[in-house]
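Visitor: Provided below: work24.txt, containing compact mmCIF, C-alpha atoms.
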# COMPACT_ATOMS: atom_id res chain seq x y z
CA MET H 111 2.62 -10.90 9.58
CA ASN H 112 -0.40 -8.98 10.90
CA LYS H 113 0.34 -5.24 10.60
CA SER H 114 -0.45 -4.56 14.26
CA LEU H 115 1.93 -7.31 15.36
CA LYS H 116 4.58 -6.02 12.99
CA ILE H 117 4.33 -2.50 14.45
CA LEU H 118 4.36 -3.89 17.98
CA ALA H 119 7.52 -5.86 17.20
CA ILE H 120 9.25 -2.83 15.65
CA VAL H 121 8.32 -0.61 18.61
CA VAL H 122 9.49 -3.10 21.23
CA ILE H 123 12.74 -3.95 19.41
CA THR H 124 13.76 -0.38 18.59
CA PHE H 125 12.81 0.93 22.04
CA THR H 126 14.81 -1.86 23.67
CA ILE H 127 17.81 -0.94 21.50
CA TYR H 128 17.40 2.72 22.49
CA PHE H 129 17.06 1.84 26.17
CA VAL H 130 20.16 -0.40 26.23
CA LEU H 131 22.35 2.02 24.25
CA ASP H 132 21.17 4.91 26.39
CA ASP H 133 22.02 3.02 29.58
CA LEU H 134 25.44 1.98 28.30
CA PHE H 135 26.68 5.06 26.48
CA PHE H 136 24.64 8.15 27.39
CA ASN H 137 26.84 9.32 30.28
CA ASP H 138 30.04 8.71 28.33
CA LEU H 139 28.72 10.58 25.29
CA ARG H 140 27.54 13.49 27.43
CA GLY H 141 30.89 13.61 29.20
CA TRP H 142 32.79 13.60 25.91
CA LEU H 143 30.59 16.39 24.52
CA HIS H 144 31.00 18.37 27.74
CA GLU H 145 34.77 18.24 27.37
CA ILE H 146 34.45 19.69 23.86
CA ILE H 147 31.85 22.44 24.36
CA ASN H 148 32.16 22.92 28.12
CA GLN H 149 28.40 23.28 28.63
CA LEU H 150 26.72 20.42 30.51
CA GLY H 151 23.11 21.28 29.71
CA ILE H 152 23.70 21.55 25.96
CA SER H 153 25.83 18.38 26.05
CA HIS H 154 22.93 16.61 27.79
CA ILE H 155 20.46 17.70 25.09
CA ILE H 156 22.77 16.66 22.24
CA ALA H 157 23.41 13.26 23.87
CA TYR H 158 19.65 12.77 24.32
CA THR H 159 19.10 13.65 20.67
CA VAL H 160 21.67 11.10 19.53
CA SER H 161 20.26 8.41 21.83
CA GLY H 162 16.84 8.82 20.21
CA ILE H 163 18.06 7.92 16.72
CA PRO H 164 16.91 4.25 17.04
CA LEU H 165 13.36 5.49 17.71
CA VAL H 166 13.37 7.70 14.63
CA ILE H 167 14.61 4.73 12.60
CA GLY H 168 11.85 2.59 14.12
CA ALA H 169 9.22 5.16 13.14
CA ALA H 170 10.69 5.26 9.62
CA PHE H 171 10.23 1.49 9.35
CA ILE H 172 6.56 1.90 10.30
CA HIS H 173 5.75 4.94 8.14
CA LYS H 174 6.88 6.68 5.01
CA ALA H 175 9.72 9.15 5.63
CA ASP H 176 7.47 12.20 5.29
CA LYS H 177 5.07 10.81 7.92
CA VAL H 178 7.58 10.32 10.75
CA ILE H 179 7.17 13.81 12.21
CA ASP H 180 3.40 13.48 12.11
CA SER H 181 3.57 10.06 13.80
CA PHE H 182 5.22 11.71 16.83
CA GLY H 183 2.73 14.59 16.85
CA LEU H 184 5.43 17.23 16.35
CA ASN H 185 3.53 18.96 13.52
CA ARG H 186 0.64 20.00 15.77
CA SER H 187 0.16 23.46 17.32
CA PHE H 188 3.05 24.43 19.59
CA LEU H 189 1.16 27.48 20.87
CA GLN H 190 -1.86 25.38 21.82
CA GLY H 191 0.35 23.11 23.87
CA VAL H 192 2.10 25.95 25.69
CA ILE H 193 -1.10 27.84 26.52
CA PHE H 194 -2.87 24.73 27.80
CA GLY H 195 0.17 23.60 29.79
CA LEU H 196 0.62 27.00 31.44
CA LEU H 197 -3.09 27.39 32.30
CA CYS H 198 -3.24 23.96 33.92
CA THR H 199 -0.07 24.44 35.99
CA LEU H 200 -0.90 27.91 37.31
CA PRO H 201 -2.12 26.34 40.61
CA MET H 202 1.38 24.91 41.11
CA LEU H 203 3.03 28.24 40.32
CA VAL H 204 0.81 30.22 42.68
CA GLY H 205 0.69 27.61 45.43
CA TYR H 206 4.42 26.94 45.48
CA ALA H 207 5.16 30.68 45.43
CA LEU H 208 3.02 31.04 48.58
CA PHE H 209 4.26 28.03 50.55
CA PHE H 210 7.86 27.48 49.39
CA ASN H 211 10.99 29.57 49.08
CA LEU H 212 12.41 30.54 45.72
CA ASN H 213 15.25 28.21 44.81
CA ILE H 214 18.16 30.63 44.41
CA GLU H 215 20.51 27.71 43.73
CA LEU H 216 18.72 26.71 40.53
CA THR H 217 21.25 26.76 37.69
CA PHE H 218 20.90 27.08 33.93
CA ASN H 219 22.29 23.57 33.51
CA THR H 220 19.70 22.15 35.92
CA PHE H 221 16.98 24.02 34.04
CA LEU H 222 18.11 22.56 30.70
CA ILE H 223 18.51 19.04 32.05
CA SER H 224 15.58 18.64 34.45
CA ALA H 225 13.00 20.92 32.82
CA VAL H 226 13.66 21.38 29.09
CA SER H 227 15.37 18.09 28.24
CA ALA H 228 13.33 15.89 30.59
CA ALA H 229 10.02 17.27 29.34
CA PHE H 230 10.82 17.22 25.63
CA PHE H 231 12.64 13.92 25.26
CA GLU H 232 10.68 11.87 27.79
CA GLU H 233 7.39 12.88 26.19
CA LEU H 234 8.72 12.46 22.66
CA PHE H 235 10.18 9.02 23.36
CA PHE H 236 7.61 7.61 25.76
CA ARG H 237 4.41 9.28 24.56
CA GLY H 238 5.17 10.08 20.93
CA PHE H 239 6.88 6.77 20.17
CA LEU H 240 6.35 4.04 22.76
CA TYR H 241 2.70 4.83 23.49
CA GLY H 242 1.75 6.77 20.37
CA GLN H 243 2.90 4.29 17.76
CA LEU H 244 1.02 1.49 19.49
CA TYR H 245 -2.20 3.35 20.20
CA ARG H 246 -2.46 5.29 16.94
CA TYR H 247 -1.35 2.67 14.45
CA THR H 248 -2.39 -0.70 15.86
CA LYS H 249 -5.63 -2.21 17.15
CA LEU H 250 -4.39 -1.97 20.72
CA GLY H 251 -6.53 0.26 22.90
CA PHE H 252 -5.48 2.83 25.47
CA LEU H 253 -4.67 0.60 28.44
CA PRO H 254 -2.55 -2.01 26.62
CA SER H 255 -0.68 0.79 24.84
CA VAL H 256 -0.09 2.89 27.91
CA ILE H 257 0.90 0.15 30.37
CA ILE H 258 4.19 -0.68 28.62
CA GLY H 259 5.34 2.92 28.41
CA ALA H 260 4.01 3.91 31.83
CA PHE H 261 5.77 1.00 33.50
CA LEU H 262 9.12 1.86 31.91
CA PHE H 263 8.63 5.58 32.58
CA ALA H 264 8.03 4.84 36.24
CA PHE H 265 10.87 2.30 36.42
CA ILE H 266 13.54 4.75 35.23
CA HIS H 267 12.62 7.16 38.03
CA LEU H 268 13.32 4.65 40.81
CA TYR H 269 16.90 5.92 41.15
CA GLN H 270 15.54 8.84 43.18
CA SER H 271 15.46 6.90 46.47
CA ASP H 272 16.61 3.66 48.10
CA GLU H 273 13.84 3.51 50.74
CA LEU H 274 11.18 0.90 49.88
CA LEU H 275 8.07 2.91 50.81
CA ARG H 276 9.36 6.02 49.10
CA LEU H 277 10.29 3.99 46.03
CA ILE H 278 6.72 2.66 45.91
CA GLY H 279 5.40 6.21 46.18
CA ILE H 280 7.72 7.45 43.43
CA PHE H 281 6.76 4.51 41.23
CA LEU H 282 3.03 5.09 41.63
CA THR H 283 3.38 8.85 41.13
CA THR H 284 5.37 8.55 37.90
CA PHE H 285 3.26 5.61 36.67
CA LEU H 286 0.03 7.56 37.08
CA GLY H 287 1.70 10.64 35.60
CA ALA H 288 2.64 8.66 32.50
CA GLY H 289 -0.98 7.53 32.16
CA LEU H 290 -2.22 11.12 32.49
CA PHE H 291 0.24 12.42 29.88
CA SER H 292 -0.74 9.62 27.48
CA TRP H 293 -4.45 10.36 27.93
CA THR H 294 -3.88 14.08 27.40
CA TYR H 295 -1.73 13.43 24.33
CA SER H 296 -4.54 11.46 22.69
CA GLU H 297 -7.38 13.76 23.72
CA TRP H 298 -5.59 16.79 22.23
CA ASN H 299 -5.41 15.19 18.78
CA HIS H 300 -2.03 13.60 19.53
CA ASN H 301 -0.42 17.01 19.89
CA ILE H 302 2.88 16.10 21.57
CA TRP H 303 3.41 19.73 22.57
CA VAL H 304 0.56 19.42 25.09
CA PRO H 305 2.19 16.77 27.34
CA ILE H 306 5.63 18.33 26.71
CA SER H 307 4.37 21.69 27.99
CA LEU H 308 2.60 20.14 30.97
CA HIS H 309 5.70 18.15 31.86
CA PHE H 310 7.95 21.20 31.43
CA PHE H 311 5.92 23.60 33.58
CA MET H 312 5.30 20.99 36.30
CA ASN H 313 9.01 20.21 36.51
CA PHE H 314 10.07 23.85 36.29
CA PHE H 315 7.73 25.15 38.99
CA TRP H 316 8.67 22.20 41.20
CA MET H 317 12.35 23.14 40.90
CA LEU H 318 11.85 26.90 40.97
CA PHE H 319 10.40 26.77 44.47
CA SER H 320 12.14 23.63 45.82
CA ALA H 321 8.78 21.88 46.29
CA GLY H 322 10.42 18.48 46.85
CA ASP H 323 13.66 16.53 46.66
CA ASP H 324 12.20 13.84 44.37
CA ALA H 325 9.12 13.06 42.26
CA LEU H 326 6.98 12.19 45.31
CA GLY H 327 7.20 15.45 47.26
CA GLY H 328 5.32 16.44 50.43
CA VAL H 329 1.74 17.27 51.39
CA TYR H 330 1.56 20.88 50.19
CA ALA H 331 3.47 20.10 47.01
CA ASN H 332 1.02 17.35 46.13
CA ILE H 333 -2.08 19.37 46.97
CA PHE H 334 -1.26 21.88 44.25
CA ARG H 335 -0.09 19.14 41.92
CA ALA H 336 -3.49 17.45 42.43
CA VAL H 337 -5.27 20.70 41.55
CA THR H 338 -3.20 20.87 38.38
CA ILE H 339 -4.16 17.30 37.46
CA ILE H 340 -7.84 18.11 38.04
CA SER H 341 -7.40 21.18 35.83
CA VAL H 342 -5.84 19.06 33.06
CA ILE H 343 -8.75 16.63 33.08
CA GLY H 344 -11.45 19.28 33.53
CA LEU H 345 -10.20 21.67 30.85
CA THR H 346 -9.69 18.81 28.40
CA ILE H 347 -13.24 17.54 28.86
CA ALA H 348 -14.63 21.08 28.65
CA TYR H 349 -12.68 21.71 25.42
CA LYS H 350 -14.02 18.54 23.84
CA LYS H 351 -17.60 19.32 24.87
CA LYS H 352 -17.38 22.87 23.55
CA ARG H 353 -16.29 21.52 20.17
CA ASP H 354 -18.93 18.77 20.37
CA GLN H 355 -16.27 16.08 20.11
CA LYS H 356 -16.39 12.62 21.63
CA LEU H 357 -13.59 11.74 24.03
CA GLU H 358 -10.90 9.79 22.18
CA ILE H 359 -10.45 7.40 25.11
CA ASN H 360 -13.79 5.70 25.70
CA LYS H 361 -15.32 2.24 26.00
CA ASP H 362 -14.58 1.57 22.32
CA THR H 363 -10.88 2.40 22.61
CA ILE H 364 -9.97 1.35 26.14
CA TRP H 365 -8.86 -2.24 25.33
CA ILE H 366 -9.06 -3.29 21.69
CA LYS H 367 -10.35 -0.98 18.98
CA LYS H 368 -13.36 -1.85 16.92
CA GLU H 369 -13.04 -3.05 13.34
CA ASP H 370 -15.35 -0.38 11.93
CA GLY H 371 -12.69 2.30 11.50
CA SER H 372 -14.36 4.59 14.02
CA ILE H 373 -11.12 5.29 15.85
CA THR H 374 -8.68 7.96 14.78
CA CYS H 375 -5.33 6.36 14.02
CA ALA H 376 -3.41 8.91 11.98
CA SER H 377 -4.37 12.52 11.50
CA SER H 378 -3.12 16.08 11.63
CA GLY H 379 -4.65 19.42 12.45
CA THR H 380 -7.25 20.22 15.08
CA GLN H 381 -10.50 20.09 13.11
CA PRO H 382 -12.76 17.03 12.77
CA ARG H 383 -11.54 14.91 9.87
CA PRO H 384 -12.22 11.63 8.06
CA THR H 385 -11.05 8.62 10.00
CA PRO H 386 -8.86 6.01 8.34
CA PRO H 387 -9.11 2.45 9.59
CA CYS H 388 -6.60 1.15 12.09
CA LEU H 389 -3.88 -1.14 10.86
Can you present the structure in this file as structure tokens?
Guide:
Amino acid sequence: MNKSLKILAIVVITFTIYFVLDDLFFNDLRGWLHEIINQLGISHIIAYTVSGIPLVIGAAFIHKADKVIDSFGLNRSFLQGVIFGLLCTLPMLVGYALFFNLNIELTFNTFLISAVSAAFFEELFFRGFLYGQLYRYTKLGFLPSVIIGAFLFAFIHLYQSDELLRLIGIFLTTFLGAGLFSWTYSEWNHNIWVPISLHFFMNFFWMLFSAGDDALGGVYANIFRAVTIISVIGLTIAYKKKRDQKLEINKDTIWIKKEDGSITCASSGTQPRPTPPCL
């Protein structure tokens, strides 16, 4: 079997297994853990960790055991991700502080579940595995790789409303957000801490000042979110230009990658490096 097709099959099968098991057993597992340790946020994180085991197994089928962490991008610079994420989301922090009230009802459990856990596991599973394994290790380009993950990422957020127009708005918002996080992940040398940090700070500031009841939000909330998105794109392009690096996502990588091995498929570190051919 062609290696790209083999990886595609492994990714789709293992992610489907994860998705089904998560849907069937996540709440029960979290509830059982909560009864034991009496801490909902920690129980949520442990249950999320357990639910991700099929994805780790899938990555192990694709790579050697010592390459699994690298394939998710977890061995990149944590500090780089945090600094970039905080800089880009400062417009949300400042804007929400000016136009919205501080959410005094925000709890530690909500913080762990909706900020820490949501940012880390959603980015690790959807960007690091579902998008990352396809884009980095097959001949699929950016759009084919991102569409599958972005669609599912948007789909699982549709529980936030039962009104059709609002559901459409939530879907488009989360779909485009998934595309942005995937683009940023690739442009920052597949450093998963970059989209994790962006996701964390965006969620946290949104909750900290009660900017909206769901992912769509209102006018003022979205103005500052738009400024943050512009900052993400602008700072990323400026960083690449300063280092005299070509954008990872370009005409040669948007659909199907070239056969000449010019596309980075597996690498570590932040410096320019030799480029192995795609599988």
Visitor: Taking (11.7, 25.0, 43.9) in the file's coordinates, which residues come within 10 Å, counting all atoms listed in the file, written as a ChimeraX atom specification?
Guide: /H:203,206-207,210-216,313-323
Visitor: For Gly141 in chain H, list every protein, DNA or RNA residue within 9 Å, evaluated using only C-alpha atoms, and leave out those in the same chain fewer than 5 positions away; present the list as a PyMOL selection string.
Guide: chain H and resi 136+146+150+153-154
Visitor: Find the residues around range 126-129 of chain H up to 7 Å (all atoms listed in the file counted), leave out those fewer than 6 positions away in its own chain, and share them as a PyMOL selection string.
Guide: chain H and resi 161-162+164-165
Visitor: Compile the contact shell of range 330-344 of chain H as a PyMOL selection string: residues with an atom at most 9 Å away, counting all atoms listed in the file, same-chain residues fewer than 3 positions apart removed.
Guide: chain H and resi 194-195+197-206+209-210+290+294+308+312+316+321-322+326-327+347-349
Visitor: How would the residues just picked look written out with C-alpha atoms as a JSON list (two decimals), in the frame of the given file?
Guide:
[["chain", "number", "residue", "atom", "x", "y", "z"],
["H", 194, "PHE", "CA", -2.87, 24.73, 27.80],
["H", 195, "GLY", "CA", 0.17, 23.60, 29.79],
["H", 197, "LEU", "CA", -3.09, 27.39, 32.30],
["H", 198, "CYS", "CA", -3.24, 23.96, 33.92],
["H", 199, "THR", "CA", -0.07, 24.44, 35.99],
["H", 200, "LEU", "CA", -0.90, 27.91, 37.31],
["H", 201, "PRO", "CA", -2.12, 26.34, 40.61],
["H", 202, "MET", "CA", 1.38, 24.91, 41.11],
["H", 203, "LEU", "CA", 3.03, 28.24, 40.32],
["H", 204, "VAL", "CA", 0.81, 30.22, 42.68],
["H", 205, "GLY", "CA", 0.69, 27.61, 45.43],
["H", 206, "TYR", "CA", 4.42, 26.94, 45.48],
["H", 209, "PHE", "CA", 4.26, 28.03, 50.55],
["H", 210, "PHE", "CA", 7.86, 27.48, 49.39],
["H", 290, "LEU", "CA", -2.22, 11.12, 32.49],
["H", 294, "THR", "CA", -3.88, 14.08, 27.40],
["H", 308, "LEU", "CA", 2.60, 20.14, 30.97],
["H", 312, "MET", "CA", 5.30, 20.99, 36.30],
["H", 316, "TRP", "CA", 8.67, 22.20, 41.20],
["H", 321, "ALA", "CA", 8.78, 21.88, 46.29],
["H", 322, "GLY", "CA", 10.42, 18.48, 46.85],
["H", 326, "LEU", "CA", 6.98, 12.19, 45.31],
["H", 327, "GLY", "CA", 7.20, 15.45, 47.26],
["H", 347, "ILE", "CA", -13.24, 17.54, 28.86],
["H", 348, "ALA", "CA", -14.63, 21.08, 28.65],
["H", 349, "TYR", "CA", -12.68, 21.71, 25.42]]
Visitor: Can you measure CA of Val192 in chain H to CA of Glu232 in chain H for me? One decimal in Å is fine.
Guide: 16.6 Å
Visitor: Distance CA of Leu262 in chain H-CA of Gly279 in chain H, one decimal place?
Guide: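 Straight-line distance from CA of Leu262 in chain H to CA of Gly279 in chain H works out to 15.4 Å.
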Visitor: Within 10 Å of Leu240 in chain H, counting only C-alpha atoms, which residues qualify if same-chain residues fewer than 6 places away don't, as a PDB file with C-alpha atoms, in the coordinates of the input?
Guide:
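Final file, result-v5.pdb:
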ATOM      1  CA  LEU H 118       4.360  -3.890  17.980  1.00  0.00           C
ATOM      2  CA  VAL H 121       8.320  -0.610  18.610  1.00  0.00           C
ATOM      3  CA  VAL H 122       9.490  -3.100  21.230  1.00  0.00           C
ATOM      4  CA  THR H 124      13.760  -0.380  18.590  1.00  0.00           C
ATOM      5  CA  PHE H 125      12.810   0.930  22.040  1.00  0.00           C
ATOM      6  CA  LEU H 165      13.360   5.490  17.710  1.00  0.00           C
ATOM      7  CA  PHE H 182       5.220  11.710  16.830  1.00  0.00           C
ATOM      8  CA  GLU H 233       7.390  12.880  26.190  1.00  0.00           C
ATOM      9  CA  LEU H 234       8.720  12.460  22.660  1.00  0.00           C
ATOM     10  CA  SER H 255      -0.680   0.790  24.840  1.00  0.00           C
ATOM     11  CA  VAL H 256      -0.090   2.890  27.910  1.00  0.00           C
ATOM     12  CA  ILE H 258       4.190  -0.680  28.620  1.00  0.00           C
ATOM     13  CA  GLY H 259       5.340   2.920  28.410  1.00  0.00           C
ATOM     14  CA  ALA H 260       4.010   3.910  31.830  1.00  0.00           C
ATOM     15  CA  LEU H 262       9.120   1.860  31.910  1.00  0.00           C
TER      16      LEU H 262
END
Visitor: Would you mind reading off the distance between CA of Phe281 in chain H and CA of Phe265 in chain H, one decimal, in Å?
Guide: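 Separating CA of Phe281 in chain H from CA of Phe265 in chain H is a distance of 6.7 Å.
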Visitor: Select, counting all atoms listed in the file, all protein, DNA and RNA residues no farther than 10 Å from (7.3, 5.6, 34.5) in file coordinates, and express the selection as a ChimeraX atom specification.
Guide: /H:232,236,257-268,280-289
